[in-house]
file input.csv (CSV, C-alpha atoms)
chain,number,residue,atom,x,y,z
F,1,MET,CA,-0.2,4.6,-5.8
F,2,PRO,CA,0.5,3.6,-9.5
F,3,SER,CA,0.9,6.7,-11.6
F,4,THR,CA,-0.8,7.3,-15.0
F,5,ILE,CA,2.6,6.6,-16.6
F,6,VAL,CA,2.7,3.2,-14.8
F,7,HIS,CA,-0.8,2.4,-16.0
F,8,ALA,CA,0.3,3.3,-19.5
F,9,GLY,CA,3.4,1.2,-19.3
F,10,PHE,CA,1.3,-1.8,-18.3
F,11,ALA,CA,-1.1,-1.0,-21.1
F,12,LEU,CA,1.7,-1.1,-23.7
F,13,LEU,CA,2.9,-4.5,-22.3
F,14,LEU,CA,-0.7,-5.9,-22.7
F,15,ALA,CA,-1.0,-4.3,-26.2
F,16,ALA,CA,2.2,-6.0,-27.3
F,17,ALA,CA,0.8,-9.3,-26.1
F,18,LEU,CA,-2.7,-9.0,-27.4
F,19,LEU,CA,-2.6,-7.1,-30.7
F,20,ASP,CA,-1.3,-8.9,-33.7
F,21,ASP,CA,0.7,-7.2,-36.5
F,22,ARG,CA,-2.5,-6.2,-38.3
F,23,LEU,CA,-3.8,-4.3,-35.3
F,24,LEU,CA,-0.6,-3.0,-33.7
F,25,ASP,CA,-0.3,0.6,-35.1
F,26,ARG,CA,-0.2,4.1,-33.8
F,27,ARG,CA,-3.9,4.7,-34.0
F,28,ALA,CA,-4.7,1.6,-32.0
F,29,LEU,CA,-2.1,2.4,-29.4
F,30,ALA,CA,-3.4,5.9,-29.1
F,31,VAL,CA,-6.9,4.6,-28.4
F,32,LEU,CA,-5.6,2.2,-25.8
F,33,LEU,CA,-3.6,4.9,-24.0
F,34,VAL,CA,-6.7,7.2,-24.0
F,35,VAL,CA,-8.8,4.4,-22.5
F,36,VAL,CA,-6.3,3.6,-19.8
F,37,VAL,CA,-6.0,7.3,-18.8
F,38,ILE,CA,-9.8,8.0,-18.7
F,39,PRO,CA,-10.4,6.5,-15.2
F,40,GLU,CA,-8.2,9.2,-13.7
F,41,ALA,CA,-10.8,11.8,-14.7
F,42,ASP,CA,-12.9,10.8,-11.7
F,43,SER,CA,-10.3,12.8,-9.6
F,44,PHE,CA,-12.0,16.0,-10.9
F,45,LEU,CA,-15.4,14.8,-9.7
F,46,GLY,CA,-14.3,14.9,-6.1
F,47,PHE,CA,-15.6,18.5,-5.9
F,48,VAL,CA,-19.2,17.4,-6.5
F,49,MET,CA,-19.1,13.8,-5.1
F,50,SER,CA,-17.4,12.6,-2.0
F,51,GLY,CA,-15.0,9.7,-2.7
F,52,ALA,CA,-15.4,10.1,-6.5
F,53,HIS,CA,-11.8,9.1,-7.1
F,54,ARG,CA,-11.3,5.3,-7.3
F,55,THR,CA,-15.2,5.1,-7.5
F,56,ILE,CA,-16.7,6.4,-10.7
F,57,GLY,CA,-13.9,5.5,-13.0
F,58,HIS,CA,-12.6,2.5,-11.0
F,59,THR,CA,-15.5,0.1,-10.9
F,60,PHE,CA,-15.7,-3.3,-12.6
F,61,VAL,CA,-19.4,-2.9,-13.2
F,62,ILE,CA,-19.1,-0.4,-16.1
F,63,PRO,CA,-16.6,-2.4,-18.2
F,64,ALA,CA,-18.6,-5.5,-17.5
F,65,VAL,CA,-21.8,-3.9,-18.9
F,66,ALA,CA,-19.9,-2.5,-21.8
F,67,ALA,CA,-18.4,-6.0,-22.6
F,68,LEU,CA,-21.9,-7.6,-22.4
F,69,ALA,CA,-23.3,-4.9,-24.7
F,70,LEU,CA,-20.5,-5.3,-27.2
F,71,TYR,CA,-20.8,-9.1,-27.2
F,72,TYR,CA,-24.6,-9.0,-27.7
F,73,ASP,CA,-24.4,-6.4,-30.5
F,74,THR,CA,-21.5,-8.1,-32.4
F,75,ARG,CA,-22.1,-11.8,-31.7
F,76,VAL,CA,-25.9,-12.2,-31.0
F,77,ARG,CA,-27.8,-9.6,-32.9
F,78,GLU,CA,-28.5,-10.3,-36.6
F,79,ALA,CA,-27.9,-6.7,-37.5
F,80,SER,CA,-25.0,-5.1,-35.5
F,81,ALA,CA,-25.1,-1.4,-34.9
F,82,VAL,CA,-21.4,-1.4,-34.1
F,83,ARG,CA,-20.4,-3.3,-37.2
F,84,GLU,CA,-22.3,-0.7,-39.3
F,85,ARG,CA,-19.9,1.9,-38.0
F,86,LEU,CA,-16.7,0.1,-37.3
F,87,SER,CA,-14.7,-2.6,-39.2
F,88,ASP,CA,-13.8,-5.9,-37.6
F,89,ARG,CA,-10.4,-4.5,-36.9
F,90,TRP,CA,-11.7,-1.8,-34.6
F,91,ILE,CA,-14.1,-4.2,-32.9
F,92,ALA,CA,-11.0,-6.3,-32.0
F,93,VAL,CA,-9.3,-3.2,-30.7
F,94,ALA,CA,-12.4,-2.4,-28.7
F,95,TRP,CA,-12.1,-5.8,-26.9
F,96,VAL,CA,-8.5,-5.2,-26.2
F,97,ALA,CA,-9.3,-1.7,-24.9
F,98,LEU,CA,-11.8,-3.1,-22.4
F,99,PHE,CA,-9.2,-5.6,-21.3
F,100,VAL,CA,-6.6,-2.9,-20.9
F,101,HIS,CA,-9.1,-0.7,-19.0
F,102,VAL,CA,-9.8,-3.5,-16.5
F,103,PHE,CA,-6.4,-5.0,-16.0
F,104,ALA,CA,-4.0,-2.2,-16.6
F,105,HIS,CA,-5.9,0.3,-14.6
F,106,VAL,CA,-8.8,-0.7,-12.3
F,107,ALA,CA,-7.3,-4.1,-11.2
F,108,LEU,CA,-3.9,-2.5,-10.7
F,109,ASP,CA,-5.4,0.2,-8.4
F,110,TRP,CA,-7.3,-2.6,-6.6
F,111,THR,CA,-4.0,-3.7,-5.1
F,112,HIS,CA,-2.9,-0.3,-3.6
F,113,LEU,CA,-3.9,2.0,-0.8
F,114,ASP,CA,-7.7,1.6,-0.1
F,115,GLY,CA,-8.3,-0.2,-3.4
F,116,VAL,CA,-11.3,0.6,-5.6
F,117,ASN,CA,-15.0,0.9,-5.2
F,118,ALA,CA,-15.3,-2.4,-7.2
F,119,PHE,CA,-19.1,-2.8,-7.6
F,120,TRP,CA,-20.2,0.8,-7.6
F,121,PRO,CA,-23.0,1.9,-8.3
F,122,LEU,CA,-24.5,-1.5,-7.4
F,123,ARG,CA,-22.7,-1.5,-4.0
F,124,ASP,CA,-20.8,1.4,-2.4
F,125,ARG,CA,-17.9,-0.3,-0.8
F,126,PHE,CA,-14.1,-0.2,-1.4
F,127,PHE,CA,-12.2,-3.4,-1.8
F,128,HIS,CA,-8.4,-3.8,-1.5
F,129,LEU,CA,-6.6,-6.9,-2.8
F,130,ASP,CA,-4.0,-7.5,-0.2
F,131,GLY,CA,-2.5,-10.5,1.4
F,132,GLU,CA,-0.2,-13.5,0.7
F,133,ILE,CA,-0.3,-17.1,-0.2
F,134,LEU,CA,2.5,-19.4,1.0
F,135,TYR,CA,3.3,-22.9,2.3
F,136,SER,CA,5.0,-23.0,5.6
F,137,THR,CA,6.7,-26.0,7.2
F,138,ALA,CA,5.3,-24.8,10.5
F,139,ASP,CA,1.8,-23.6,9.6
F,140,GLY,CA,1.1,-25.5,6.3
F,141,PHE,CA,-0.8,-23.7,3.6
F,142,VAL,CA,-1.5,-20.1,4.4
F,143,GLN,CA,-3.5,-17.5,2.5
F,144,THR,CA,-4.6,-14.1,3.8
F,145,PHE,CA,-6.4,-12.6,0.8
F,146,VAL,CA,-9.8,-13.9,2.1
F,147,ASP,CA,-10.4,-14.0,5.8
F,148,ILE,CA,-13.2,-16.5,6.9
F,149,ARG,CA,-14.3,-16.3,10.5
F,150,ILE,CA,-16.8,-18.4,12.4
F,151,ASP,CA,-18.4,-17.1,15.6
F,152,PRO,CA,-17.9,-20.0,18.1
F,153,GLU,CA,-21.2,-19.0,19.9
F,154,THR,CA,-23.6,-18.5,17.0
F,155,GLY,CA,-21.8,-20.4,14.3
F,156,THR,CA,-22.2,-17.4,12.0
F,157,ARG,CA,-19.7,-17.3,9.2
F,158,THR,CA,-18.3,-14.0,8.0
F,159,VAL,CA,-16.1,-13.6,4.9
F,160,ASP,CA,-13.8,-10.6,4.5
F,161,ALA,CA,-12.3,-10.2,1.0
F,162,GLY,CA,-10.5,-6.9,1.6
F,163,GLY,CA,-13.7,-4.9,2.1
F,164,GLY,CA,-13.2,-1.3,3.4
F,165,GLY,CA,-15.1,1.9,3.7
F,166,THR,CA,-17.5,3.6,1.4
F,167,SER,CA,-17.3,6.7,-0.8
F,168,GLU,CA,-18.4,8.8,2.2
F,169,THR,CA,-15.5,7.6,4.3
F,170,VAL,CA,-12.6,6.8,1.9
F,171,HIS,CA,-10.5,9.5,0.3
F,172,VAL,CA,-7.6,8.4,-1.9
F,173,SER,CA,-5.1,11.2,-2.3
F,174,ASN,CA,-4.6,12.5,-5.9
F,175,PRO,CA,-3.1,15.6,-7.5
F,176,VAL,CA,-6.5,17.3,-7.8
F,177,GLU,CA,-7.5,16.6,-4.1
F,178,PRO,CA,-4.2,15.7,-2.3
F,179,ARG,CA,-6.0,15.6,1.0
F,180,ASP,CA,-9.4,14.9,2.4
F,181,PRO,CA,-11.6,18.0,2.0
F,182,ASP,CA,-13.3,17.3,5.3
F,183,LEU,CA,-10.0,17.7,7.2
F,184,ASP,CA,-9.3,21.2,8.5
F,185,VAL,CA,-5.5,21.5,7.9
F,186,GLU,CA,-3.6,24.8,7.6
F,187,GLU,CA,-0.5,23.3,6.1
F,188,PRO,CA,0.4,24.2,2.5
F,189,VAL,CA,-1.1,21.8,-0.1
F,190,ASP,CA,1.5,19.5,-1.6
F,191,ARG,CA,0.3,18.3,-5.0
F,192,ARG,CA,2.4,15.5,-6.2
F,193,PHE,CA,2.3,14.0,-9.7
F,194,PRO,CA,4.1,10.7,-9.4
F,195,VAL,CA,6.0,8.9,-12.2
F,196,ALA,CA,7.3,5.9,-10.4
F,197,ASN,CA,7.5,5.8,-6.6
F,198,THR,CA,8.8,2.3,-6.3
F,199,GLY,CA,11.3,0.2,-8.2
F,200,TRP,CA,8.9,-2.3,-9.7
F,201,ARG,CA,6.7,0.5,-11.1
F,202,LEU,CA,9.7,2.0,-12.9
F,203,TYR,CA,10.5,-1.5,-14.1
F,204,LEU,CA,7.0,-2.0,-15.4
F,205,ILE,CA,7.2,1.3,-17.4
F,206,GLY,CA,10.5,0.1,-18.9
F,207,ILE,CA,9.3,-3.4,-19.8
F,208,GLY,CA,6.2,-2.1,-21.4
F,209,LEU,CA,8.2,0.2,-23.7
F,210,PHE,CA,10.7,-2.6,-24.4
F,211,ALA,CA,8.0,-5.1,-25.3
F,212,LEU,CA,6.2,-2.7,-27.6
F,213,GLY,CA,9.5,-1.7,-29.3
F,214,ALA,CA,10.5,-5.3,-29.7
F,215,ARG,CA,7.2,-6.2,-31.3
F,216,ARG,CA,7.5,-3.3,-33.8
F,217,LEU,CA,11.1,-4.3,-34.7
F,218,GLN,CA,10.0,-7.9,-35.3
F,219,GLY,CA,7.4,-6.7,-37.8
F,220,ASP,CA,7.9,-6.0,-41.5
F,221,GLY,CA,7.5,-2.3,-41.2
F,222,GLU,CA,4.5,-0.1,-40.6
F,223,PRO,CA,1.2,-2.1,-40.6
F,224,THR,CA,-1.4,-1.1,-43.1
F,225,GLU,CA,-4.0,1.0,-41.4
F,226,LYS,CA,-7.7,0.5,-42.4

call {"tool": "encode", "arguments": {"input": "input.csv", "output": "structure tokens"}}
result
Amino acid sequence: MPSTIVHAGFALLLAAALLDDRLLDRRALAVLLVVVVIPEADSFLGFVMSGAHRTIGHTFVIPAVAALALYYDTRVREASAVRERLSDRWIAVAWVALFVHVFAHVALDWTHLDGVNAFWPLRDRFFHLDGEILYSTADGFVQTFVDIRIDPETGTRTVDAGGGGTSETVHVSNPVEPRDPDLDVEEPVDRRFPVANTGWRLYLIGIGLFALGARRLQGDGEPTEK
């Protein structure tokens, strides 16, 4: 699965693309890196909740609610509680942080192993983004991300978009809980802390560092922090 370092590398790449020179400084990057790491904390909740990893910190519902609340407070309300405490600069960083949380962490894990519990707590079900889209000279247009089946007898249509098990049945290995606690195994526990277990993940770390370094070198020095 993508390591925390891979998530951080992707976050740096997004930061280089989304933050202008006024926003791109050490404090903003520190905030984004903290935000991108926070979802991994749900690994420690596996001791009190079955399937907590890839559930509590890996749902699209919480950032969606946060985005709606931030939009309402800063764009709709006449008196913004957030603007009373934060400058416009940090509100912009908050929007980028939400984007980074969703796309550099949750959505990236959505494509690996059992995926993520995408709509928890509204719905307890894991979803895995897996498949392919292609054009074949033999079969024509083919896509396997969404499987639509029609029962020939009843005409009932079922749609499968990578749905899997629930928090009760899915266990995603992690350094805190490397194996399912319900399994009775006598073998020694092997706790692995991955950095980059495939070539493209190592490449993503490198390109994130390169993009950030290139942006800083293109600037006129250290941005003024406010």

call {"tool": "residues_around", "arguments": {"input": "input.csv", "residues": "Thr4 (chain F)", "least_positions_apart": "6", "cutoff": "10 Å", "atoms": "all atoms listed in the file", "output": "list in words"}}
result
Phe10, Leu33, Val36, Val37, Ile38, Pro39, Glu40, His105, Phe193, Pro194, Val195 and Ala196 of chain F

call {"tool": "residues_near_point", "arguments": {"input": "input.csv", "point": "(-5.9, -3.2, -33.0)", "cutoff": "7 Å", "atoms": "only C-alpha atoms", "output": "MDAnalysis selection string"}}
result
chainID F and resid 19 22:24 28 89:90 92:93

call {"tool": "atom_distance", "arguments": {"input": "input.csv", "atom1": "CA of Val96 (chain F)", "atom2": "CA of Phe127 (chain F)"}}
result
24.7 Å

call {"tool": "closest_residue", "arguments": {"input": "input.csv", "among": "F:Phe141, F:Ile148, F:Gly115, F:Leu212", "to": "Gly164 (chain F)", "atoms": "only C-alpha atoms"}}
result
F:Gly115

call {"tool": "residues_around", "arguments": {"input": "input.csv", "residues": "region 116-120 of chain F", "least_positions_apart": "5", "cutoff": "10 Å", "atoms": "all atoms listed in the file", "output": "PyMOL selection string"}}
result
chain F and resi 51-62+106-111+125-129+163-167+170+172

call {"tool": "write_last_selection", "arguments": {"input": "input.csv", "atoms": "C-alpha atoms", "output": "PDB file, in the coordinates of the input"}}
result
ATOM      1  CA  GLY F  51     -15.000   9.700  -2.700  1.00  0.00           C
ATOM      2  CA  ALA F  52     -15.400  10.100  -6.500  1.00  0.00           C
ATOM      3  CA  HIS F  53     -11.800   9.100  -7.100  1.00  0.00           C
ATOM      4  CA  ARG F  54     -11.300   5.300  -7.300  1.00  0.00           C
ATOM      5  CA  THR F  55     -15.200   5.100  -7.500  1.00  0.00           C
ATOM      6  CA  ILE F  56     -16.700   6.400 -10.700  1.00  0.00           C
ATOM      7  CA  GLY F  57     -13.900   5.500 -13.000  1.00  0.00           C
ATOM      8  CA  HIS F  58     -12.600   2.500 -11.000  1.00  0.00           C
ATOM      9  CA  THR F  59     -15.500   0.100 -10.900  1.00  0.00           C
ATOM     10  CA  PHE F  60     -15.700  -3.300 -12.600  1.00  0.00           C
ATOM     11  CA  VAL F  61     -19.400  -2.900 -13.200  1.00  0.00           C
ATOM     12  CA  ILE F  62     -19.100  -0.400 -16.100  1.00  0.00           C
ATOM     13  CA  VAL F 106      -8.800  -0.700 -12.300  1.00  0.00           C
ATOM     14  CA  ALA F 107      -7.300  -4.100 -11.200  1.00  0.00           C
ATOM     15  CA  LEU F 108      -3.900  -2.500 -10.700  1.00  0.00           C
ATOM     16  CA  ASP F 109      -5.400   0.200  -8.400  1.00  0.00           C
ATOM     17  CA  TRP F 110      -7.300  -2.600  -6.600  1.00  0.00           C
ATOM     18  CA  THR F 111      -4.000  -3.700  -5.100  1.00  0.00           C
ATOM     19  CA  ARG F 125     -17.900  -0.300  -0.800  1.00  0.00           C
ATOM     20  CA  PHE F 126     -14.100  -0.200  -1.400  1.00  0.00           C
ATOM     21  CA  PHE F 127     -12.200  -3.400  -1.800  1.00  0.00           C
ATOM     22  CA  HIS F 128      -8.400  -3.800  -1.500  1.00  0.00           C
ATOM     23  CA  LEU F 129      -6.600  -6.900  -2.800  1.00  0.00           C
ATOM     24  CA  GLY F 163     -13.700  -4.900   2.100  1.00  0.00           C
ATOM     25  CA  GLY F 164     -13.200  -1.300   3.400  1.00  0.00           C
ATOM     26  CA  GLY F 165     -15.100   1.900   3.700  1.00  0.00           C
ATOM     27  CA  THR F 166     -17.500   3.600   1.400  1.00  0.00           C
ATOM     28  CA  SER F 167     -17.300   6.700  -0.800  1.00  0.00           C
ATOM     29  CA  VAL F 170     -12.600   6.800   1.900  1.00  0.00           C
ATOM     30  CA  VAL F 172      -7.600   8.400  -1.900  1.00  0.00           C
TER      31      VAL F 172
END

call {"tool": "closest_residue", "arguments": {"input": "input.csv", "among": "F:Leu45, F:Leu68, F:Ala17, F:Ala79", "to": "Glu177 (chain F)", "atoms": "all atoms listed in the file"}}
result
F:Leu45

call {"tool": "build_atoms", "arguments": {"input": "input.csv", "residues": "region 21-44 of chain F", "atoms": "N, CA, C and O atoms", "output": "compact mmCIF listing (two decimals), in the frame of the given file"}}
result
# COMPACT_ATOMS: atom_id res chain seq x y z
N ASP F 21 0.04 -8.18 -35.61
CA ASP F 21 0.70 -7.20 -36.50
C ASP F 21 -0.32 -6.35 -37.25
O ASP F 21 -0.06 -5.20 -37.58
N ARG F 22 -1.47 -6.93 -37.56
CA ARG F 22 -2.50 -6.20 -38.30
C ARG F 22 -3.11 -5.08 -37.49
O ARG F 22 -3.55 -4.06 -38.03
N LEU F 23 -3.15 -5.27 -36.18
CA LEU F 23 -3.80 -4.30 -35.30
C LEU F 23 -2.85 -3.35 -34.62
O LEU F 23 -3.25 -2.27 -34.18
N LEU F 24 -1.58 -3.74 -34.51
CA LEU F 24 -0.60 -3.00 -33.70
C LEU F 24 -0.09 -1.79 -34.52
O LEU F 24 0.92 -1.89 -35.22
N ASP F 25 -0.78 -0.65 -34.46
CA ASP F 25 -0.30 0.60 -35.10
C ASP F 25 -0.53 1.75 -34.22
O ASP F 25 -1.03 1.62 -33.10
N ARG F 26 -0.15 2.92 -34.68
CA ARG F 26 -0.20 4.10 -33.80
C ARG F 26 -1.61 4.47 -33.41
O ARG F 26 -1.84 4.89 -32.28
N ARG F 27 -2.56 4.34 -34.32
CA ARG F 27 -3.90 4.70 -34.00
C ARG F 27 -4.50 3.79 -32.90
O ARG F 27 -5.17 4.25 -31.97
N ALA F 28 -4.25 2.49 -33.02
CA ALA F 28 -4.70 1.60 -32.00
C ALA F 28 -4.09 1.83 -30.66
O ALA F 28 -4.76 1.83 -29.61
N LEU F 29 -2.79 2.09 -30.65
CA LEU F 29 -2.10 2.40 -29.40
C LEU F 29 -2.62 3.69 -28.78
O LEU F 29 -2.75 3.78 -27.55
N ALA F 30 -2.91 4.68 -29.61
CA ALA F 30 -3.40 5.90 -29.10
C ALA F 30 -4.79 5.71 -28.42
O ALA F 30 -5.07 6.27 -27.35
N VAL F 31 -5.64 4.88 -29.03
CA VAL F 31 -6.90 4.60 -28.40
C VAL F 31 -6.75 3.87 -27.09
O VAL F 31 -7.41 4.23 -26.09
N LEU F 32 -5.85 2.90 -27.01
CA LEU F 32 -5.60 2.20 -25.80
C LEU F 32 -5.10 3.09 -24.68
O LEU F 32 -5.50 2.98 -23.51
N LEU F 33 -4.20 4.00 -25.02
CA LEU F 33 -3.60 4.90 -24.00
C LEU F 33 -4.71 5.88 -23.51
O LEU F 33 -4.74 6.21 -22.32
N VAL F 34 -5.59 6.33 -24.40
CA VAL F 34 -6.70 7.20 -24.00
C VAL F 34 -7.60 6.44 -23.01
O VAL F 34 -8.00 6.96 -21.95
N VAL F 35 -7.94 5.20 -23.36
CA VAL F 35 -8.80 4.40 -22.50
C VAL F 35 -8.20 4.15 -21.14
O VAL F 35 -8.89 4.19 -20.12
N VAL F 36 -6.89 3.92 -21.08
CA VAL F 36 -6.30 3.60 -19.80
C VAL F 36 -6.10 4.87 -18.94
O VAL F 36 -5.96 4.77 -17.72
N VAL F 37 -6.15 6.04 -19.55
CA VAL F 37 -6.00 7.30 -18.80
C VAL F 37 -7.39 7.80 -18.30
O VAL F 37 -7.48 8.45 -17.25
N ILE F 38 -8.46 7.50 -19.04
CA ILE F 38 -9.80 8.00 -18.70
C ILE F 38 -10.21 7.85 -17.27
O ILE F 38 -10.80 8.77 -16.68
N PRO F 39 -9.98 6.68 -16.64
CA PRO F 39 -10.40 6.50 -15.20
C PRO F 39 -9.93 7.59 -14.29
O PRO F 39 -10.59 7.91 -13.30
N GLU F 40 -8.76 8.18 -14.57
CA GLU F 40 -8.20 9.20 -13.70
C GLU F 40 -9.07 10.47 -13.68
O GLU F 40 -8.93 11.31 -12.79
N ALA F 41 -9.95 10.61 -14.67
CA ALA F 41 -10.80 11.80 -14.70
C ALA F 41 -11.73 11.90 -13.53
O ALA F 41 -12.23 12.99 -13.20
N ASP F 42 -11.97 10.77 -12.83
CA ASP F 42 -12.90 10.80 -11.70
C ASP F 42 -12.25 11.65 -10.53
O ASP F 42 -12.94 12.01 -9.58
N SER F 43 -10.95 11.97 -10.62
CA SER F 43 -10.30 12.80 -9.60
C SER F 43 -10.99 14.21 -9.60
O SER F 43 -11.15 14.82 -8.54
N PHE F 44 -11.39 14.69 -10.78
CA PHE F 44 -12.00 16.00 -10.90
C PHE F 44 -13.42 16.05 -10.37
O PHE F 44 -13.99 17.13 -10.15
